[in-house]
>>> print(open('model.txt').read())   # compact mmCIF, N, CA, C and O atoms
# COMPACT_ATOMS: atom_id res chain seq x y z
N MET M 1 -48.59 -49.62 -5.33
CA MET M 1 -48.04 -48.68 -4.38
C MET M 1 -49.08 -47.63 -4.03
O MET M 1 -49.86 -47.23 -4.87
N PRO M 2 -49.07 -47.17 -2.80
CA PRO M 2 -50.01 -46.13 -2.40
C PRO M 2 -49.75 -44.81 -3.12
O PRO M 2 -48.61 -44.47 -3.43
N ILE M 3 -50.82 -44.08 -3.37
CA ILE M 3 -50.71 -42.73 -3.92
C ILE M 3 -50.34 -41.78 -2.80
O ILE M 3 -49.46 -40.93 -2.94
N CYS M 4 -51.04 -41.91 -1.68
CA CYS M 4 -50.77 -41.10 -0.50
C CYS M 4 -51.35 -41.78 0.72
O CYS M 4 -52.14 -42.71 0.61
N ALA M 5 -50.93 -41.32 1.90
CA ALA M 5 -51.42 -41.91 3.14
C ALA M 5 -51.46 -40.84 4.22
O ALA M 5 -50.66 -39.90 4.19
N PHE M 6 -52.39 -41.00 5.14
CA PHE M 6 -52.54 -40.07 6.26
C PHE M 6 -52.73 -40.86 7.54
O PHE M 6 -53.45 -41.85 7.56
N ASP M 7 -52.08 -40.43 8.61
CA ASP M 7 -52.37 -40.95 9.93
C ASP M 7 -53.43 -40.05 10.54
O ASP M 7 -53.27 -38.82 10.57
N ILE M 8 -54.53 -40.65 11.00
CA ILE M 8 -55.64 -39.91 11.60
C ILE M 8 -55.62 -40.20 13.09
O ILE M 8 -55.79 -41.34 13.51
N SER M 9 -55.40 -39.17 13.90
CA SER M 9 -55.36 -39.36 15.35
C SER M 9 -56.77 -39.44 15.91
O SER M 9 -57.75 -39.15 15.23
N SER M 10 -56.88 -39.82 17.16
CA SER M 10 -58.20 -40.01 17.79
C SER M 10 -59.00 -38.72 17.85
O SER M 10 -60.22 -38.75 17.93
N ASP M 11 -58.33 -37.56 17.77
CA ASP M 11 -59.07 -36.29 17.77
C ASP M 11 -59.41 -35.81 16.37
O ASP M 11 -59.91 -34.71 16.17
N GLY M 12 -59.13 -36.66 15.34
CA GLY M 12 -59.51 -36.36 13.97
C GLY M 12 -58.48 -35.59 13.16
O GLY M 12 -58.71 -35.28 12.00
N VAL M 13 -57.33 -35.29 13.75
CA VAL M 13 -56.29 -34.56 13.02
C VAL M 13 -55.59 -35.51 12.06
O VAL M 13 -55.16 -36.59 12.45
N ALA M 14 -55.49 -35.10 10.79
CA ALA M 14 -54.82 -35.91 9.76
C ALA M 14 -53.41 -35.39 9.55
O ALA M 14 -53.19 -34.20 9.40
N ARG M 15 -52.46 -36.33 9.53
CA ARG M 15 -51.05 -35.98 9.29
C ARG M 15 -50.58 -36.79 8.09
O ARG M 15 -50.62 -38.02 8.10
N PRO M 16 -50.14 -36.11 7.00
CA PRO M 16 -49.66 -36.84 5.83
C PRO M 16 -48.47 -37.73 6.19
O PRO M 16 -47.59 -37.32 6.95
N MET M 17 -48.46 -38.93 5.65
CA MET M 17 -47.34 -39.86 5.86
C MET M 17 -46.36 -39.73 4.71
O MET M 17 -46.75 -39.80 3.55
N MET M 18 -45.11 -39.54 5.03
CA MET M 18 -44.08 -39.45 4.01
C MET M 18 -43.51 -40.84 3.69
O MET M 18 -43.07 -41.09 2.59
N ASP M 19 -43.54 -41.74 4.67
CA ASP M 19 -43.01 -43.10 4.49
C ASP M 19 -44.08 -44.10 4.86
O ASP M 19 -44.25 -44.44 6.03
N ILE M 20 -44.83 -44.60 3.88
CA ILE M 20 -45.95 -45.52 4.13
C ILE M 20 -45.47 -46.82 4.75
O ILE M 20 -46.21 -47.51 5.44
N ASP M 21 -44.21 -47.17 4.55
CA ASP M 21 -43.70 -48.43 5.11
C ASP M 21 -43.30 -48.32 6.57
O ASP M 21 -42.92 -49.30 7.18
N ASP M 22 -43.43 -47.14 7.16
CA ASP M 22 -43.09 -46.92 8.57
C ASP M 22 -44.28 -47.35 9.45
O ASP M 22 -45.04 -46.55 9.93
N ARG M 23 -44.43 -48.68 9.64
CA ARG M 23 -45.58 -49.20 10.39
C ARG M 23 -45.54 -48.80 11.87
O ARG M 23 -46.55 -48.72 12.53
N ALA M 24 -44.35 -48.56 12.40
CA ALA M 24 -44.22 -48.20 13.81
C ALA M 24 -44.84 -46.85 14.11
O ALA M 24 -45.16 -46.55 15.24
N ALA M 25 -45.04 -46.04 13.09
CA ALA M 25 -45.55 -44.69 13.30
C ALA M 25 -47.07 -44.60 13.33
O ALA M 25 -47.61 -43.54 13.55
N VAL M 26 -47.77 -45.71 13.11
CA VAL M 26 -49.24 -45.67 13.14
C VAL M 26 -49.68 -45.23 14.52
O VAL M 26 -49.20 -45.73 15.53
N PRO M 27 -50.60 -44.26 14.60
CA PRO M 27 -51.01 -43.75 15.91
C PRO M 27 -51.62 -44.85 16.79
O PRO M 27 -52.36 -45.69 16.30
N ALA M 28 -51.27 -44.82 18.06
CA ALA M 28 -51.81 -45.81 19.01
C ALA M 28 -53.31 -45.67 19.13
O ALA M 28 -54.03 -46.66 19.28
N GLN M 29 -53.81 -44.47 19.09
CA GLN M 29 -55.25 -44.19 19.17
C GLN M 29 -55.67 -43.48 17.90
O GLN M 29 -55.79 -42.28 17.85
N GLY M 30 -55.88 -44.23 16.86
CA GLY M 30 -56.25 -43.66 15.57
C GLY M 30 -56.10 -44.72 14.49
O GLY M 30 -56.14 -45.91 14.77
N TYR M 31 -55.91 -44.26 13.27
CA TYR M 31 -55.77 -45.20 12.16
C TYR M 31 -55.00 -44.56 11.02
O TYR M 31 -54.74 -43.35 11.02
N ARG M 32 -54.61 -45.37 10.04
CA ARG M 32 -53.92 -44.90 8.85
C ARG M 32 -54.86 -45.06 7.66
O ARG M 32 -55.40 -46.13 7.43
N ARG M 33 -55.06 -43.98 6.92
CA ARG M 33 -55.88 -44.02 5.71
C ARG M 33 -54.93 -43.99 4.52
O ARG M 33 -54.10 -43.10 4.40
N VAL M 34 -55.08 -44.98 3.63
CA VAL M 34 -54.17 -45.13 2.50
C VAL M 34 -55.00 -45.10 1.21
O VAL M 34 -56.04 -45.74 1.11
N HIS M 35 -54.50 -44.36 0.22
CA HIS M 35 -55.18 -44.25 -1.07
C HIS M 35 -54.34 -44.96 -2.13
O HIS M 35 -53.13 -44.79 -2.19
N PHE M 36 -55.03 -45.74 -2.98
CA PHE M 36 -54.37 -46.53 -4.02
C PHE M 36 -54.95 -46.20 -5.39
O PHE M 36 -56.08 -45.74 -5.50
N ASP M 37 -54.19 -46.52 -6.42
CA ASP M 37 -54.66 -46.49 -7.80
C ASP M 37 -54.91 -47.94 -8.20
O ASP M 37 -53.98 -48.72 -8.33
N ARG M 38 -56.18 -48.31 -8.36
CA ARG M 38 -56.51 -49.71 -8.68
C ARG M 38 -55.92 -50.16 -10.01
O ARG M 38 -55.80 -51.34 -10.27
N ALA M 39 -55.55 -49.22 -10.88
CA ALA M 39 -54.97 -49.58 -12.17
C ALA M 39 -53.47 -49.86 -12.09
O ALA M 39 -52.87 -50.32 -13.05
N ASP M 40 -52.87 -49.61 -10.93
CA ASP M 40 -51.43 -49.84 -10.74
C ASP M 40 -51.14 -51.33 -10.84
O ASP M 40 -51.68 -52.13 -10.07
N SER M 41 -50.28 -51.72 -11.76
CA SER M 41 -49.98 -53.14 -11.97
C SER M 41 -49.26 -53.78 -10.79
O SER M 41 -49.27 -55.00 -10.64
N ASP M 42 -48.63 -52.99 -9.92
CA ASP M 42 -47.92 -53.52 -8.76
C ASP M 42 -48.78 -53.56 -7.49
O ASP M 42 -48.32 -54.02 -6.45
N LEU M 43 -50.03 -53.08 -7.58
CA LEU M 43 -50.87 -52.96 -6.38
C LEU M 43 -51.11 -54.32 -5.71
O LEU M 43 -50.94 -54.44 -4.49
N GLU M 44 -51.48 -55.33 -6.46
CA GLU M 44 -51.79 -56.63 -5.85
C GLU M 44 -50.58 -57.19 -5.10
O GLU M 44 -50.71 -57.69 -3.98
N HIS M 45 -49.41 -57.06 -5.68
CA HIS M 45 -48.19 -57.54 -5.03
C HIS M 45 -47.89 -56.72 -3.77
O HIS M 45 -47.56 -57.28 -2.72
N TRP M 46 -48.05 -55.39 -3.84
CA TRP M 46 -47.78 -54.53 -2.68
C TRP M 46 -48.73 -54.89 -1.54
O TRP M 46 -48.32 -55.01 -0.38
N ILE M 47 -50.01 -55.08 -1.85
CA ILE M 47 -50.99 -55.42 -0.82
C ILE M 47 -50.66 -56.78 -0.20
O ILE M 47 -50.72 -56.94 1.01
N ALA M 48 -50.30 -57.76 -1.02
CA ALA M 48 -49.95 -59.09 -0.49
C ALA M 48 -48.78 -59.02 0.48
O ALA M 48 -48.73 -59.75 1.46
N ASP M 49 -47.84 -58.12 0.23
CA ASP M 49 -46.65 -57.98 1.07
C ASP M 49 -46.86 -57.09 2.29
O ASP M 49 -46.10 -57.19 3.25
N ASN M 50 -47.88 -56.22 2.28
CA ASN M 50 -47.97 -55.19 3.31
C ASN M 50 -49.28 -55.12 4.08
O ASN M 50 -49.37 -54.38 5.06
N VAL M 51 -50.28 -55.87 3.64
CA VAL M 51 -51.61 -55.78 4.27
C VAL M 51 -52.02 -57.18 4.72
O VAL M 51 -51.84 -58.15 3.97
N PRO M 52 -52.59 -57.33 5.92
CA PRO M 52 -53.09 -58.64 6.35
C PRO M 52 -54.08 -59.21 5.32
O PRO M 52 -54.72 -58.46 4.57
N GLU M 53 -54.19 -60.53 5.29
CA GLU M 53 -54.94 -61.21 4.23
C GLU M 53 -56.38 -60.73 4.04
O GLU M 53 -56.79 -60.41 2.93
N LEU M 54 -57.18 -60.68 5.09
CA LEU M 54 -58.59 -60.31 4.95
C LEU M 54 -58.77 -58.89 4.43
O LEU M 54 -59.48 -58.68 3.45
N PRO M 55 -58.12 -57.88 5.02
CA PRO M 55 -58.26 -56.55 4.44
C PRO M 55 -57.69 -56.47 3.02
O PRO M 55 -58.25 -55.77 2.17
N GLY M 56 -56.62 -57.20 2.76
CA GLY M 56 -56.05 -57.21 1.41
C GLY M 56 -57.04 -57.73 0.38
O GLY M 56 -57.18 -57.17 -0.70
N GLN M 57 -57.73 -58.81 0.72
CA GLN M 57 -58.75 -59.36 -0.19
C GLN M 57 -59.86 -58.35 -0.42
O GLN M 57 -60.34 -58.19 -1.54
N ALA M 58 -60.27 -57.67 0.64
CA ALA M 58 -61.35 -56.68 0.51
C ALA M 58 -60.93 -55.53 -0.40
O ALA M 58 -61.71 -55.06 -1.23
N LEU M 59 -59.70 -55.08 -0.26
CA LEU M 59 -59.23 -53.96 -1.08
C LEU M 59 -59.13 -54.32 -2.56
O LEU M 59 -59.24 -53.43 -3.42
N LEU M 60 -58.95 -55.58 -2.87
CA LEU M 60 -58.79 -55.99 -4.26
C LEU M 60 -60.09 -56.44 -4.92
O LEU M 60 -60.09 -56.82 -6.10
N GLN M 61 -61.21 -56.40 -4.20
CA GLN M 61 -62.49 -56.80 -4.77
C GLN M 61 -62.85 -55.88 -5.94
O GLN M 61 -62.65 -54.67 -5.89
N SER M 62 -63.42 -56.45 -6.99
CA SER M 62 -63.78 -55.65 -8.16
C SER M 62 -65.17 -55.01 -8.02
O SER M 62 -65.44 -54.01 -8.65
N GLN M 63 -66.05 -55.59 -7.21
CA GLN M 63 -67.37 -54.99 -7.03
C GLN M 63 -67.25 -53.70 -6.22
O GLN M 63 -66.40 -53.59 -5.34
N THR M 64 -68.14 -52.77 -6.49
CA THR M 64 -68.05 -51.46 -5.84
C THR M 64 -69.05 -51.27 -4.72
O THR M 64 -69.01 -50.25 -4.05
N ARG M 65 -69.93 -52.23 -4.49
CA ARG M 65 -70.90 -52.02 -3.41
C ARG M 65 -70.18 -52.02 -2.06
O ARG M 65 -69.16 -52.70 -1.88
N PRO M 66 -70.70 -51.29 -1.09
CA PRO M 66 -70.03 -51.25 0.23
C PRO M 66 -70.06 -52.61 0.92
O PRO M 66 -71.03 -53.35 0.83
N ARG M 67 -68.96 -52.93 1.59
CA ARG M 67 -68.84 -54.13 2.39
C ARG M 67 -68.17 -53.75 3.70
O ARG M 67 -67.36 -52.84 3.75
N THR M 68 -68.47 -54.51 4.75
CA THR M 68 -67.83 -54.29 6.04
C THR M 68 -67.39 -55.63 6.60
O THR M 68 -68.13 -56.60 6.54
N TRP M 69 -66.17 -55.66 7.14
CA TRP M 69 -65.64 -56.85 7.80
C TRP M 69 -65.14 -56.45 9.18
O TRP M 69 -64.51 -55.41 9.34
N ALA M 70 -65.41 -57.27 10.16
CA ALA M 70 -64.83 -57.10 11.48
C ALA M 70 -63.62 -58.02 11.56
O ALA M 70 -63.67 -59.16 11.12
N ILE M 71 -62.53 -57.49 12.10
CA ILE M 71 -61.30 -58.28 12.23
C ILE M 71 -60.98 -58.38 13.71
O ILE M 71 -60.72 -57.37 14.36
N CYS M 72 -61.03 -59.58 14.23
CA CYS M 72 -60.73 -59.79 15.64
C CYS M 72 -59.99 -61.12 15.78
O CYS M 72 -60.56 -62.17 15.57
N ASN M 73 -58.72 -61.03 16.11
CA ASN M 73 -57.96 -62.23 16.42
C ASN M 73 -56.77 -61.83 17.29
O ASN M 73 -56.66 -60.67 17.68
N ALA M 74 -55.90 -62.76 17.58
CA ALA M 74 -54.80 -62.50 18.51
C ALA M 74 -53.82 -61.46 17.98
O ALA M 74 -53.19 -60.74 18.75
N LYS M 75 -53.70 -61.33 16.66
CA LYS M 75 -52.71 -60.42 16.09
C LYS M 75 -53.28 -59.04 15.72
O LYS M 75 -52.55 -58.08 15.64
N GLN M 76 -54.57 -58.95 15.44
CA GLN M 76 -55.13 -57.70 14.95
C GLN M 76 -56.59 -57.59 15.31
O GLN M 76 -57.26 -58.57 15.56
N SER M 77 -57.08 -56.37 15.32
CA SER M 77 -58.51 -56.14 15.50
C SER M 77 -58.86 -54.84 14.82
O SER M 77 -58.02 -53.96 14.64
N GLY M 78 -60.09 -54.71 14.42
CA GLY M 78 -60.54 -53.49 13.77
C GLY M 78 -61.67 -53.76 12.82
O GLY M 78 -62.35 -54.78 12.90
N CYS M 79 -61.87 -52.85 11.91
CA CYS M 79 -62.95 -52.93 10.95
C CYS M 79 -62.45 -52.39 9.62
O CYS M 79 -61.66 -51.45 9.59
N ILE M 80 -62.90 -52.99 8.54
CA ILE M 80 -62.57 -52.48 7.21
C ILE M 80 -63.86 -52.30 6.43
O ILE M 80 -64.74 -53.15 6.48
N VAL M 81 -63.99 -51.16 5.78
CA VAL M 81 -65.15 -50.86 4.96
C VAL M 81 -64.64 -50.57 3.56
O VAL M 81 -63.75 -49.75 3.38
N THR M 82 -65.21 -51.27 2.59
CA THR M 82 -64.82 -51.00 1.20
C THR M 82 -66.04 -50.62 0.39
O THR M 82 -67.15 -50.89 0.77
>>> encode(input="model.txt", output="structure tokens")
Amino acid sequence: MPICAFDISSDGVARPMMDIDDRAAVPAQGYRRVHFDRADSDLEHWIADNVPELPGQALLQSQTRPRTWAICNAKQSGCIVT
């Protein structure tokens, strides 16, 4: 489960999210930043249920070096950096 989450608008304003499961509230021009506790035993299950496969795999990687993936397909687009 997430520790906390913020919606970041295109002008850089961060708004704390009270309900992380409210996907409809993600800003049209911005992104959602979510913080997790990697030691949480339910994290892998939560990510599998709530995050697309490629970003989910990236979030669960045990190595700490930075990685970047581009996501472009019919359902989603964007970038993930871990």
>>> residues_around(input="model.txt", residues="Gln29 (chain M)", least_positions_apart="4", cutoff="10 Å", atoms="only C-alpha atoms", output="list in words")
Ile8, Ser9, Ser10 and Asp11 of chain M
>>> atom_distance(input="model.txt", atom1="atom N of Pro16 (chain M)", atom2="atom C of Val34 (chain M)")
11.7 Å
>>> residues_around(input="model.txt", residues="Ile47 (chain M)", least_positions_apart="4", cutoff="12 Å", atoms="only C-alpha atoms", output="PyMOL selection string")
chain M and resi 1-2+21+34-38+40-43+51-60
>>> atom_distance(input="model.txt", atom1="CA of Arg32 (chain M)", atom2="CA of Asp7 (chain M)")
4.4 Å
>>> atom_distance(input="model.txt", atom1="CA of Arg33 (chain M)", atom2="CA of His45 (chain M)")
18.9 Å
>>> closest_residue(input="model.txt", among="M:Asn50, M:Glu44, M:Ile3, M:Gly30", to="Met17 (chain M)", atoms="all atoms listed in the file")
M:Ile3
